[in-house]
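Text of the file model15.tsv, holding TSV, C-alpha atoms:
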chain	number	residue	atom	x	y	z
A	1	MET	CA	-12.85	-16.75	-22.54
A	2	GLY	CA	-9.45	-17.23	-24.18
A	3	ASN	CA	-6.13	-16.29	-22.62
A	4	SER	CA	-5.95	-13.02	-24.52
A	5	ASP	CA	-9.32	-12.03	-23.07
A	6	ASP	CA	-8.30	-13.09	-19.56
A	7	ARG	CA	-5.12	-11.02	-19.41
A	8	PRO	CA	-6.62	-7.52	-19.32
A	9	GLY	CA	-9.31	-8.88	-17.03
A	10	ARG	CA	-6.74	-10.25	-14.60
A	11	PHE	CA	-4.68	-7.07	-14.76
A	12	THR	CA	-7.75	-4.93	-14.04
A	13	GLN	CA	-8.66	-7.33	-11.25
A	14	SER	CA	-5.17	-7.00	-9.73
A	15	ILE	CA	-5.37	-3.20	-9.88
A	16	ASN	CA	-8.83	-3.31	-8.27
A	17	ASN	CA	-7.52	-5.66	-5.57
A	18	ILE	CA	-4.62	-3.31	-4.79
A	19	ARG	CA	-7.06	-0.38	-4.62
A	20	GLU	CA	-9.24	-2.34	-2.24
A	21	TYR	CA	-6.24	-3.33	-0.09
A	22	GLU	CA	-5.26	0.34	-0.03
A	23	ARG	CA	-8.71	1.27	1.27
A	24	ILE	CA	-8.41	-1.37	4.00
A	25	ALA	CA	-4.76	-1.01	5.00
A	26	GLY	CA	-4.13	2.63	3.96
A	27	PHE	CA	-0.54	2.31	2.76
A	28	LEU	CA	-0.53	4.99	0.03
A	29	GLN	CA	0.30	7.85	2.37
A	30	ILE	CA	3.13	5.88	4.04
A	31	ALA	CA	4.53	4.82	0.66
A	32	ARG	CA	4.40	8.42	-0.61
A	33	ARG	CA	6.24	9.65	2.47
A	34	ALA	CA	8.81	6.86	2.07
A	35	LEU	CA	9.27	7.74	-1.58
A	36	ALA	CA	10.01	11.42	-0.91
A	37	ASN	CA	12.08	10.81	2.21
A	38	ASN	CA	14.25	8.03	0.81
A	39	ALA	CA	14.73	9.53	-2.64
A	40	PHE	CA	15.93	12.67	-0.82
A	41	ASP	CA	18.32	10.48	1.22
A	42	GLY	CA	19.57	8.81	-1.95
A	43	VAL	CA	20.38	12.07	-3.72
A	44	LEU	CA	22.08	13.63	-0.69
A	45	THR	CA	24.11	10.47	-0.05
A	46	MET	CA	25.24	10.55	-3.67
A	47	ILE	CA	26.22	14.21	-3.34
A	48	GLY	CA	28.39	13.06	-0.42
A	49	VAL	CA	29.92	10.28	-2.54
A	50	LEU	CA	30.62	12.69	-5.40
A	51	MET	CA	32.18	15.30	-3.14
A	52	GLY	CA	34.26	12.65	-1.39
A	53	ASN	CA	35.55	11.34	-4.70
A	54	TYR	CA	36.22	14.80	-6.07
A	55	LEU	CA	37.98	16.10	-2.96
A	56	GLY	CA	39.87	12.81	-2.67
A	57	GLY	CA	41.26	13.38	-6.13
A	58	VAL	CA	39.54	10.45	-7.86
A	59	ASP	CA	39.85	11.07	-11.60
A	60	ARG	CA	38.65	7.74	-12.97
A	61	ALA	CA	34.96	7.51	-13.86
A	62	SER	CA	34.96	3.73	-13.30
A	63	THR	CA	36.07	4.26	-9.68
A	64	VAL	CA	33.33	6.85	-9.06
A	65	ILE	CA	30.77	4.49	-10.64
A	66	ARG	CA	31.99	1.54	-8.54
A	67	ILE	CA	31.81	3.52	-5.28
A	68	GLY	CA	28.50	5.13	-6.31
A	69	ILE	CA	26.80	1.84	-7.19
A	70	ALA	CA	28.09	0.16	-4.01
A	71	THR	CA	26.62	3.04	-1.99
A	72	SER	CA	23.32	2.95	-3.94
A	73	VAL	CA	22.94	-0.79	-3.39
A	74	SER	CA	23.63	-0.37	0.31
A	75	ILE	CA	21.08	2.39	0.83
A	76	GLY	CA	18.58	0.42	-1.28
A	77	ILE	CA	19.05	-2.68	0.87
A	78	SER	CA	18.93	-0.54	4.00
A	79	GLY	CA	15.59	0.97	2.91
A	80	LEU	CA	14.11	-2.37	1.87
A	81	TRP	CA	15.21	-4.31	4.94
A	82	GLY	CA	14.50	-1.60	7.49
A	83	ALA	CA	11.06	-0.83	6.10
A	84	TYR	CA	10.16	-4.51	5.81
A	85	LEU	CA	11.08	-5.23	9.43
A	86	ALA	CA	9.47	-2.08	10.84
A	87	GLU	CA	6.34	-2.21	8.69
A	88	SER	CA	5.70	-5.93	9.19
A	89	ALA	CA	6.14	-5.56	12.97
A	90	GLU	CA	3.65	-2.67	13.06
A	91	ARG	CA	1.15	-4.41	10.76
A	92	LYS	CA	1.34	-7.71	12.67
A	93	ARG	CA	0.71	-5.91	15.92
A	94	ASP	CA	-2.24	-4.07	14.38
A	95	LEU	CA	-3.75	-7.26	12.93
A	96	THR	CA	-3.30	-9.14	16.20
A	97	GLU	CA	-5.12	-6.37	18.06
A	98	LEU	CA	-7.97	-6.45	15.53
A	99	GLU	CA	-8.15	-10.26	15.75
A	100	ARG	CA	-8.37	-10.02	19.54
A	101	ILE	CA	-11.26	-7.54	19.31
A	102	ALA	CA	-13.05	-9.33	16.45
A	103	LEU	CA	-12.46	-12.75	18.08
A	104	THR	CA	-11.50	-14.29	14.77
A	105	ASP	CA	-8.44	-15.29	12.72
A	106	LEU	CA	-8.07	-12.62	10.02
A	107	SER	CA	-4.84	-13.88	8.42
A	108	LYS	CA	-6.62	-15.59	5.51
A	109	THR	CA	-9.15	-12.81	4.94
A	110	LYS	CA	-8.99	-9.72	2.75
A	111	ILE	CA	-7.79	-7.77	5.80
A	112	GLY	CA	-4.83	-10.13	6.35
A	113	ARG	CA	-3.89	-9.98	2.67
A	114	ALA	CA	-4.20	-6.17	2.64
A	115	SER	CA	-1.82	-6.04	5.59
A	116	ARG	CA	0.76	-8.25	3.80
A	117	VAL	CA	0.45	-6.30	0.54
A	118	ALA	CA	0.99	-3.05	2.47
A	119	VAL	CA	4.25	-4.42	3.91
A	120	VAL	CA	5.52	-5.47	0.46
A	121	ILE	CA	4.59	-2.20	-1.26
A	122	VAL	CA	6.00	0.07	1.45
A	123	SER	CA	9.24	-1.99	1.59
A	124	LEU	CA	9.66	-1.91	-2.19
A	125	VAL	CA	9.11	1.85	-2.33
A	126	ASP	CA	11.46	2.32	0.62
A	127	GLY	CA	14.15	0.24	-1.07
A	128	THR	CA	13.87	1.31	-4.69
A	129	SER	CA	13.43	5.07	-4.20
A	130	PRO	CA	16.95	5.75	-2.77
A	131	LEU	CA	18.47	3.22	-5.18
A	132	VAL	CA	16.92	4.82	-8.26
A	133	SER	CA	17.43	8.43	-7.15
A	134	SER	CA	21.11	7.87	-6.36
A	135	LEU	CA	21.70	6.05	-9.66
A	136	ILE	CA	20.11	8.95	-11.56
A	137	VAL	CA	22.70	11.29	-10.02
A	138	LEU	CA	25.45	8.98	-11.25
A	139	ILE	CA	24.26	8.98	-14.91
A	140	PRO	CA	26.84	11.52	-16.24
A	141	PHE	CA	29.65	9.18	-15.15
A	142	PHE	CA	28.26	6.41	-17.37
A	143	PHE	CA	28.89	8.75	-20.29
A	144	ALA	CA	32.28	9.94	-19.02
A	145	SER	CA	34.12	8.55	-22.06
A	146	LEU	CA	31.84	10.59	-24.33
A	147	ILE	CA	32.03	13.68	-22.14
A	148	GLY	CA	35.82	13.49	-21.99
A	149	ASN	CA	36.85	15.64	-19.03
A	150	ILE	CA	36.02	13.96	-15.68
A	151	MET	CA	35.51	17.41	-14.10
A	152	ILE	CA	32.54	17.98	-16.42
A	153	SER	CA	31.06	14.64	-15.26
A	154	TYR	CA	31.41	15.78	-11.61
A	155	VAL	CA	29.74	19.12	-12.38
A	156	LEU	CA	26.97	17.50	-14.44
A	157	SER	CA	26.31	14.93	-11.70
A	158	LEU	CA	26.00	17.67	-9.10
A	159	ILE	CA	23.64	19.60	-11.39
A	160	VAL	CA	21.54	16.43	-11.89
A	161	ALA	CA	21.51	15.98	-8.10
A	162	LEU	CA	20.31	19.55	-7.52
A	163	ILE	CA	17.64	19.23	-10.24
A	164	SER	CA	16.50	15.93	-8.67
A	165	LEU	CA	16.25	17.67	-5.29
A	166	PHE	CA	14.25	20.47	-6.86
A	167	GLY	CA	11.95	17.89	-8.48
A	168	LEU	CA	11.46	16.12	-5.15
A	169	GLY	CA	10.65	19.45	-3.53
A	170	MET	CA	8.06	20.11	-6.22
A	171	PHE	CA	6.58	16.66	-5.55
A	172	LEU	CA	6.27	17.57	-1.86
A	173	GLY	CA	4.79	20.94	-2.78
A	174	HIS	CA	2.26	19.15	-4.97
A	175	ILE	CA	1.29	16.82	-2.08
A	176	SER	CA	0.91	19.68	0.38
A	177	GLY	CA	-0.93	21.81	-2.17
A	178	ARG	CA	1.50	24.68	-1.56
A	179	SER	CA	4.04	26.44	-3.75
A	180	LEU	CA	5.94	23.99	-5.97
A	181	VAL	CA	8.88	26.36	-6.47
A	182	GLY	CA	9.00	27.22	-2.76
A	183	TYR	CA	9.34	23.56	-1.78
A	184	GLY	CA	11.75	22.97	-4.67
A	185	LEU	CA	14.03	25.74	-3.42
A	186	ARG	CA	13.93	24.39	0.13
A	187	THR	CA	15.12	20.95	-0.95
A	188	ILE	CA	17.75	22.35	-3.30
A	189	VAL	CA	19.22	24.34	-0.39
A	190	ALA	CA	19.85	21.03	1.43
A	191	GLY	CA	21.99	19.89	-1.51
A	192	ILE	CA	23.90	23.17	-1.66
A	193	VAL	CA	24.54	23.02	2.11
A	194	ALA	CA	25.87	19.45	1.76
A	195	ILE	CA	28.20	20.53	-1.06
A	196	MET	CA	29.40	23.63	0.84
A	197	ILE	CA	30.10	21.76	4.08
A	198	ASN	CA	32.14	19.19	2.18
A	199	VAL	CA	34.14	21.94	0.42
A	200	LEU	CA	34.75	23.86	3.64
A	201	LEU	CA	35.73	20.89	5.81
A	202	PRO	CA	39.42	21.39	6.64
A	203	LEU	CA	40.49	17.88	5.65
A	204	GLU	CA	43.46	17.26	3.44
A	205	PRO	CA	43.83	13.90	1.68
B	1	MET	CA	-35.96	-29.55	-9.05
B	2	LYS	CA	-34.50	-26.93	-6.72
B	3	GLU	CA	-38.00	-25.70	-5.86
B	4	THR	CA	-38.69	-29.07	-4.26
B	5	MET	CA	-35.46	-29.01	-2.21
B	6	GLY	CA	-36.68	-26.31	0.16
B	7	ASN	CA	-34.63	-23.46	-1.22
B	8	LEU	CA	-33.47	-20.87	1.25
B	9	ARG	CA	-35.31	-17.56	0.88
B	10	ARG	CA	-34.35	-15.46	3.87
B	11	LEU	CA	-31.37	-15.33	6.23
B	12	VAL	CA	-30.90	-12.99	9.18
B	13	LEU	CA	-27.38	-13.09	10.60
B	14	ASP	CA	-25.72	-11.45	13.56
B	15	VAL	CA	-22.23	-10.52	12.42
B	16	LEU	CA	-19.26	-8.93	14.20
B	17	LYS	CA	-17.00	-7.26	11.64
B	18	PRO	CA	-14.08	-4.82	11.46
B	19	LEU	CA	-14.98	-1.27	10.33
B	20	ASP	CA	-12.98	-1.86	7.12
B	21	PRO	CA	-14.04	-3.15	4.60
B	22	SER	CA	-17.14	-1.03	5.11
B	23	ILE	CA	-20.73	-2.29	5.05
B	24	VAL	CA	-21.18	-0.43	1.74
B	25	GLU	CA	-18.67	-2.82	0.14
B	26	LEU	CA	-19.99	-5.88	1.96
B	27	VAL	CA	-23.62	-5.27	1.04
B	28	GLN	CA	-22.73	-5.02	-2.66
B	29	LEU	CA	-20.59	-8.17	-2.57
B	30	LEU	CA	-23.46	-10.08	-0.98
B	31	ALA	CA	-26.02	-8.62	-3.41
B	32	ASP	CA	-23.87	-9.82	-6.34
B	33	LEU	CA	-24.11	-13.46	-5.24
B	34	GLU	CA	-26.23	-15.82	-7.29
B	35	GLY	CA	-29.70	-16.43	-5.95
B	36	VAL	CA	-29.72	-13.21	-3.91
B	37	ASP	CA	-32.48	-10.66	-4.62
B	38	GLY	CA	-31.70	-8.10	-1.94
B	39	VAL	CA	-29.55	-7.43	1.12
B	40	ASN	CA	-29.84	-5.10	4.07
B	41	ILE	CA	-27.12	-4.49	6.65
B	42	SER	CA	-27.88	-2.43	9.70
B	43	ILE	CA	-25.42	-1.57	12.44
B	44	TYR	CA	-26.73	-1.79	15.97
B	45	GLU	CA	-23.48	-1.37	17.89
B	46	ILE	CA	-20.24	0.31	16.96
B	47	ASP	CA	-16.85	0.18	18.65
B	48	ARG	CA	-13.46	1.76	17.90
B	49	ARG	CA	-12.44	-0.88	15.37
B	50	VAL	CA	-15.37	-3.29	15.01
B	51	GLU	CA	-19.14	-3.12	14.59
B	52	ASN	CA	-22.07	-5.46	15.17
B	53	ALA	CA	-24.24	-5.82	12.11
B	54	LYS	CA	-27.60	-7.40	11.42
B	55	VAL	CA	-27.39	-8.82	7.90
B	56	THR	CA	-30.73	-9.59	6.25
B	57	ILE	CA	-30.60	-11.40	2.93
B	58	GLU	CA	-33.54	-12.38	0.77
B	59	GLY	CA	-33.55	-14.27	-2.49
B	60	HIS	CA	-35.02	-17.08	-4.47
B	61	ASP	CA	-32.20	-19.55	-3.86
B	62	LEU	CA	-29.72	-18.42	-1.18
B	63	ARG	CA	-26.50	-20.40	-0.74
B	64	TYR	CA	-25.49	-20.20	2.87
B	65	ASP	CA	-21.90	-21.42	2.34
B	66	GLU	CA	-21.19	-18.76	-0.27
B	67	ILE	CA	-22.76	-16.04	1.88
B	68	ALA	CA	-20.77	-17.15	4.94
B	69	SER	CA	-17.52	-17.25	2.97
B	70	VAL	CA	-18.04	-13.69	1.61
B	71	ILE	CA	-18.67	-12.43	5.14
B	72	GLU	CA	-15.63	-14.28	6.54
B	73	GLU	CA	-13.42	-13.18	3.62
B	74	ASN	CA	-14.24	-9.60	4.60
B	75	GLY	CA	-13.22	-10.20	8.20
B	76	GLY	CA	-16.69	-10.81	9.63
B	77	ALA	CA	-17.57	-13.49	12.16
B	78	ILE	CA	-21.12	-14.90	12.13
B	79	HIS	CA	-22.18	-14.98	15.77
B	80	SER	CA	-25.63	-16.41	15.20
B	81	ILE	CA	-28.27	-17.19	12.60
B	82	ASP	CA	-31.26	-15.31	13.94
B	83	GLU	CA	-33.88	-16.13	11.35
B	84	VAL	CA	-34.24	-18.42	8.33
B	85	ALA	CA	-37.03	-18.99	5.85
B	86	ALA	CA	-37.18	-21.52	3.05
B	87	GLY	CA	-39.69	-22.99	0.62
B	88	ARG	CA	-41.86	-21.98	-2.26
B	89	VAL	CA	-43.27	-18.93	-0.45
B	90	LEU	CA	-41.85	-16.66	2.21
B	91	ILE	CA	-43.48	-17.24	5.58
B	92	GLU	CA	-43.30	-14.53	8.19
B	93	ASP	CA	-42.99	-15.26	11.88
B	94	VAL	CA	-46.55	-15.76	13.22
B	95	ILE	CA	-47.60	-14.00	16.39
B	96	THR	CA	-49.37	-16.42	18.74
B	97	PRO	CA	-51.24	-15.71	22.00
B	98	GLN	CA	-48.14	-17.05	23.83
B	99	ASP	CA	-46.07	-14.19	22.35

Let me see the file written as structure tokens.
Amino acid sequence: MGNSDDRPGRFTQSINNIREYERIAGFLQIARRALANNAFDGVLTMIGVLMGNYLGGVDRASTVIRIGIATSVSIGISGLWGAYLAESAERKRDLTELERIALTDLSKTKIGRASRVAVVIVSLVDGTSPLVSSLIVLIPFFFASLIGNIMISYVLSLIVALISLFGLGMFLGHISGRSLVGYGLRTIVAGIVAIMINVLLPLEP
Amino acid sequence: MKETMGNLRRLVLDVLKPLDPSIVELVQLLADLEGVDGVNISIYEIDRRVENAKVTIEGHDLRYDEIASVIEENGGAIHSIDEVAAGRVLIEDVITPQD
């Protein structure tokens, strides 16, 4: 009955509640799609940032980090805000329709709570997935002073980006139950295309 | 003491509820309540998003408020109380010549 006994009980209860809300509101599939989609966006955006910095002749790691983090924060906020507004509008509409049919106020019931939890979880996944994925790509620049040559940091970052894309592809392959490598290669091609287009664009600084 | 207070033994409710949470979950939540011995939920009408259920609960000391709050918490609306029985023994509806 003590606090130490209550904690695991409460944690298990919270997990069970989330599972139950998932059964009612069905947000797992949407969150999974948001995770893959937005992490993909985050990595590709960061490839753009890296290529822009490289082709623009930026040779200071702190500048690349500053621009990279500013971009990551922006796409994170964009994901969070956009998903929150879109998801809450959809969920409210859905709940209102159900309330009209059931002739009862469902906002304080399990169904209402499941709807609100779905909005929070989908928004958080939408916001954090591009933020985290883009920051992962930036990791080599945090160790630029150890690495020494800034060019190596650029190359390492691009390699991390391509590996992340491959990993995301494998995640999608796992969801679809198809070839992991096949999906991995498809997503990696997107990164290579983004790099190539940036290199080939006839723009001089 | 409770035995002399006319404890509730049977409740038959007409409930309109959303399809989710399902009646499998609801029946178990109701069966877990104190004083409940058994629960039956049967669906007699189903729509795209809601269903009409007949909820029959029997026990030795049913607590209507708790039962109603579990049903409402799960999105159900009690439309009517169709049958109740209370007391030391369970009395069935008696068929009379008028019936």

Using 6 Å as the limit and counting only C-alpha atoms, can you tabulate each residue of chain B that touches chain A, with its shortest atom-to-atom distance in Å and the two atoms involved, as JSON lines?
{"residue": "B:Asp20", "atom": "CA", "partner": "A:Ile24", "partner_atom": "CA", "distance": 5.6}
{"residue": "B:Pro21", "atom": "CA", "partner": "A:Ile24", "partner_atom": "CA", "distance": 5.9}
{"residue": "B:Glu73", "atom": "CA", "partner": "A:Thr109", "partner_atom": "CA", "distance": 4.5}
{"residue": "B:Asn74", "atom": "CA", "partner": "A:Lys110", "partner_atom": "CA", "distance": 5.6}
{"residue": "B:Gly75", "atom": "CA", "partner": "A:Thr109", "partner_atom": "CA", "distance": 5.8}

Inset, instruction - Could you give me, as a PyMOL selection string, the residues within 9 Å of Ser42 of chain B, counting only C-alpha atoms and dropping anything in the same chain fewer than 2 positions from it? - result: chain B and resi 23+40+44+52-56

Legend entry - Shortest interatomic distance to Leu185 of chain A - which of A:Asn53, A:Ser164, A:Asn198, A:Ser78, counting all atoms listed in the file: A:Ser164

Legend entry - Point (12.6, -0.5, 5.8), cut-off 9 Å, counting only C-alpha atoms, residues as an MDAnalysis selection string: chainID A and resid 77:87 122:124 126:127

Keeping only C-alpha atoms, write the selected residues to a file as a compact mmCIF listing (two decimals), in the frame of the given file.
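Below you can see result.txt, which holds the result:
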# COMPACT_ATOMS: atom_id res chain seq x y z
CA ILE A 77 19.05 -2.68 0.87
CA SER A 78 18.93 -0.54 4.00
CA GLY A 79 15.59 0.97 2.91
CA LEU A 80 14.11 -2.37 1.87
CA TRP A 81 15.21 -4.31 4.94
CA GLY A 82 14.50 -1.60 7.49
CA ALA A 83 11.06 -0.83 6.10
CA TYR A 84 10.16 -4.51 5.81
CA LEU A 85 11.08 -5.23 9.43
CA ALA A 86 9.47 -2.08 10.84
CA GLU A 87 6.34 -2.21 8.69
CA VAL A 122 6.00 0.07 1.45
CA SER A 123 9.24 -1.99 1.59
CA LEU A 124 9.66 -1.91 -2.19
CA ASP A 126 11.46 2.32 0.62
CA GLY A 127 14.15 0.24 -1.07

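The spacing separating atom CA of Leu62 of chain B from atom CA of Leu13 of chain B amounts to 13.1 Å.
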
Legend entry - Atom-to-atom span, atom CA of Met46 of chain A and atom CA of Ile121 of chain A, Å: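 These atoms are spaced 24.4 Å apart.
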
Inset, instruction - Please provide as a list in words all residues within 9 Å of Asp82 of chain B, with the sequence filter that same-chain residues fewer than 5 positions apart are discarded (counting only C-alpha atoms). - result: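 Using only C-alpha atoms, the neighbours found are Leu11, Val12, Leu13 and Asp14 of chain B.
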
Inset, instruction - Write out as a list in words the residues lying within 12 Å of Ala89 of chain A, counting only C-alpha atoms and excluding same-chain residues fewer than 6 positions away. - result: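 Contacts, with the query itself left out: Gly82, Ala83, Leu95, Thr96, Ser115, Arg116, Ala118 and Val119 of chain A.
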
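Coordinates place atom CA of Ser157 of chain A at a distance of 12.2 Å from atom CA of Ile195 of chain A.
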
Legend entry - Counting only C-alpha atoms, the residue of B:Gly59, B:Pro18, B:Pro97, B:Gly87 that sits nearest Ile43 of chain B: B:Pro18

Inset, instruction - Within 12 Å of Gly56 of chain A, counting only C-alpha atoms, which residues show up once you throw out same-chain ones fewer than 4 positions away? Write them as number ranges by chain, please. - result: A: 48-52, 60, 63-64, 198-199, 203-205

Could segment 136-162 of chain A be completed with N, CA and C atoms and returned as a PDB file, keeping the file's coordinate frame?
ATOM      1  N   ILE A 136      20.375   7.849 -10.603  1.00  0.00           N
ATOM      2  CA  ILE A 136      20.110   8.950 -11.560  1.00  0.00           C
ATOM      3  C   ILE A 136      21.233   9.990 -11.462  1.00  0.00           C
ATOM      4  N   VAL A 137      21.632  10.292 -10.224  1.00  0.00           N
ATOM      5  CA  VAL A 137      22.700  11.290 -10.020  1.00  0.00           C
ATOM      6  C   VAL A 137      24.000  10.836 -10.687  1.00  0.00           C
ATOM      7  N   LEU A 138      24.189   9.543 -10.727  1.00  0.00           N
ATOM      8  CA  LEU A 138      25.450   8.980 -11.250  1.00  0.00           C
ATOM      9  C   LEU A 138      25.487   8.922 -12.787  1.00  0.00           C
ATOM     10  N   ILE A 139      24.365   9.169 -13.439  1.00  0.00           N
ATOM     11  CA  ILE A 139      24.260   8.980 -14.910  1.00  0.00           C
ATOM     12  C   ILE A 139      25.404   9.638 -15.707  1.00  0.00           C
ATOM     13  N   PRO A 140      25.774  10.904 -15.433  1.00  0.00           N
ATOM     14  CA  PRO A 140      26.840  11.520 -16.240  1.00  0.00           C
ATOM     15  C   PRO A 140      28.140  10.711 -16.255  1.00  0.00           C
ATOM     16  N   PHE A 141      28.401   9.965 -15.194  1.00  0.00           N
ATOM     17  CA  PHE A 141      29.650   9.180 -15.150  1.00  0.00           C
ATOM     18  C   PHE A 141      29.601   7.974 -16.098  1.00  0.00           C
ATOM     19  N   PHE A 142      28.378   7.511 -16.404  1.00  0.00           N
ATOM     20  CA  PHE A 142      28.260   6.410 -17.370  1.00  0.00           C
ATOM     21  C   PHE A 142      28.630   6.875 -18.780  1.00  0.00           C
ATOM     22  N   PHE A 143      28.546   8.193 -18.978  1.00  0.00           N
ATOM     23  CA  PHE A 143      28.890   8.750 -20.290  1.00  0.00           C
ATOM     24  C   PHE A 143      30.219   9.513 -20.230  1.00  0.00           C
ATOM     25  N   ALA A 144      31.022   9.201 -19.218  1.00  0.00           N
ATOM     26  CA  ALA A 144      32.280   9.940 -19.020  1.00  0.00           C
ATOM     27  C   ALA A 144      33.200   9.844 -20.238  1.00  0.00           C
ATOM     28  N   SER A 145      33.225   8.696 -20.900  1.00  0.00           N
ATOM     29  CA  SER A 145      34.120   8.550 -22.060  1.00  0.00           C
ATOM     30  C   SER A 145      33.661   9.462 -23.212  1.00  0.00           C
ATOM     31  N   LEU A 146      32.344   9.687 -23.287  1.00  0.00           N
ATOM     32  CA  LEU A 146      31.840  10.590 -24.330  1.00  0.00           C
ATOM     33  C   LEU A 146      32.071  12.049 -23.941  1.00  0.00           C
ATOM     34  N   ILE A 147      31.895  12.301 -22.633  1.00  0.00           N
ATOM     35  CA  ILE A 147      32.030  13.680 -22.140  1.00  0.00           C
ATOM     36  C   ILE A 147      33.504  14.122 -22.195  1.00  0.00           C
ATOM     37  N   GLY A 148      34.389  13.179 -21.918  1.00  0.00           N
ATOM     38  CA  GLY A 148      35.820  13.490 -21.990  1.00  0.00           C
ATOM     39  C   GLY A 148      36.405  13.881 -20.658  1.00  0.00           C
ATOM     40  N   ASN A 149      36.267  15.145 -20.282  1.00  0.00           N
ATOM     41  CA  ASN A 149      36.850  15.640 -19.030  1.00  0.00           C
ATOM     42  C   ASN A 149      36.032  15.154 -17.828  1.00  0.00           C
ATOM     43  N   ILE A 150      36.710  14.505 -16.869  1.00  0.00           N
ATOM     44  CA  ILE A 150      36.020  13.960 -15.680  1.00  0.00           C
ATOM     45  C   ILE A 150      35.383  15.078 -14.833  1.00  0.00           C
ATOM     46  N   MET A 151      36.036  16.272 -14.877  1.00  0.00           N
ATOM     47  CA  MET A 151      35.510  17.410 -14.100  1.00  0.00           C
ATOM     48  C   MET A 151      34.097  17.777 -14.564  1.00  0.00           C
ATOM     49  N   ILE A 152      33.878  17.657 -15.876  1.00  0.00           N
ATOM     50  CA  ILE A 152      32.540  17.980 -16.420  1.00  0.00           C
ATOM     51  C   ILE A 152      31.517  16.951 -15.892  1.00  0.00           C
ATOM     52  N   SER A 153      31.945  15.672 -15.797  1.00  0.00           N
ATOM     53  CA  SER A 153      31.060  14.640 -15.260  1.00  0.00           C
ATOM     54  C   SER A 153      30.676  14.966 -13.809  1.00  0.00           C
ATOM     55  N   TYR A 154      31.688  15.392 -13.005  1.00  0.00           N
ATOM     56  CA  TYR A 154      31.410  15.780 -11.610  1.00  0.00           C
ATOM     57  C   TYR A 154      30.377  16.920 -11.573  1.00  0.00           C
ATOM     58  N   VAL A 155      30.633  17.956 -12.388  1.00  0.00           N
ATOM     59  CA  VAL A 155      29.740  19.120 -12.380  1.00  0.00           C
ATOM     60  C   VAL A 155      28.328  18.717 -12.852  1.00  0.00           C
ATOM     61  N   LEU A 156      28.283  17.933 -13.931  1.00  0.00           N
ATOM     62  CA  LEU A 156      26.970  17.500 -14.440  1.00  0.00           C
ATOM     63  C   LEU A 156      26.211  16.670 -13.405  1.00  0.00           C
ATOM     64  N   SER A 157      26.944  15.771 -12.730  1.00  0.00           N
ATOM     65  CA  SER A 157      26.310  14.930 -11.700  1.00  0.00           C
ATOM     66  C   SER A 157      25.723  15.786 -10.581  1.00  0.00           C
ATOM     67  N   LEU A 158      26.501  16.801 -10.166  1.00  0.00           N
ATOM     68  CA  LEU A 158      26.000  17.670  -9.100  1.00  0.00           C
ATOM     69  C   LEU A 158      24.780  18.463  -9.579  1.00  0.00           C
ATOM     70  N   ILE A 159      24.799  18.876 -10.841  1.00  0.00           N
ATOM     71  CA  ILE A 159      23.640  19.600 -11.390  1.00  0.00           C
ATOM     72  C   ILE A 159      22.416  18.663 -11.430  1.00  0.00           C
ATOM     73  N   VAL A 160      22.643  17.420 -11.859  1.00  0.00           N
ATOM     74  CA  VAL A 160      21.540  16.430 -11.890  1.00  0.00           C
ATOM     75  C   VAL A 160      20.993  16.247 -10.470  1.00  0.00           C
ATOM     76  N   ALA A 161      21.925  16.166  -9.496  1.00  0.00           N
ATOM     77  CA  ALA A 161      21.510  15.980  -8.100  1.00  0.00           C
ATOM     78  C   ALA A 161      20.639  17.152  -7.634  1.00  0.00           C
ATOM     79  N   LEU A 162      21.068  18.374  -7.959  1.00  0.00           N
ATOM     80  CA  LEU A 162      20.310  19.550  -7.520  1.00  0.00           C
ATOM     81  C   LEU A 162      18.943  19.617  -8.232  1.00  0.00           C
TER      82      LEU A 162
END
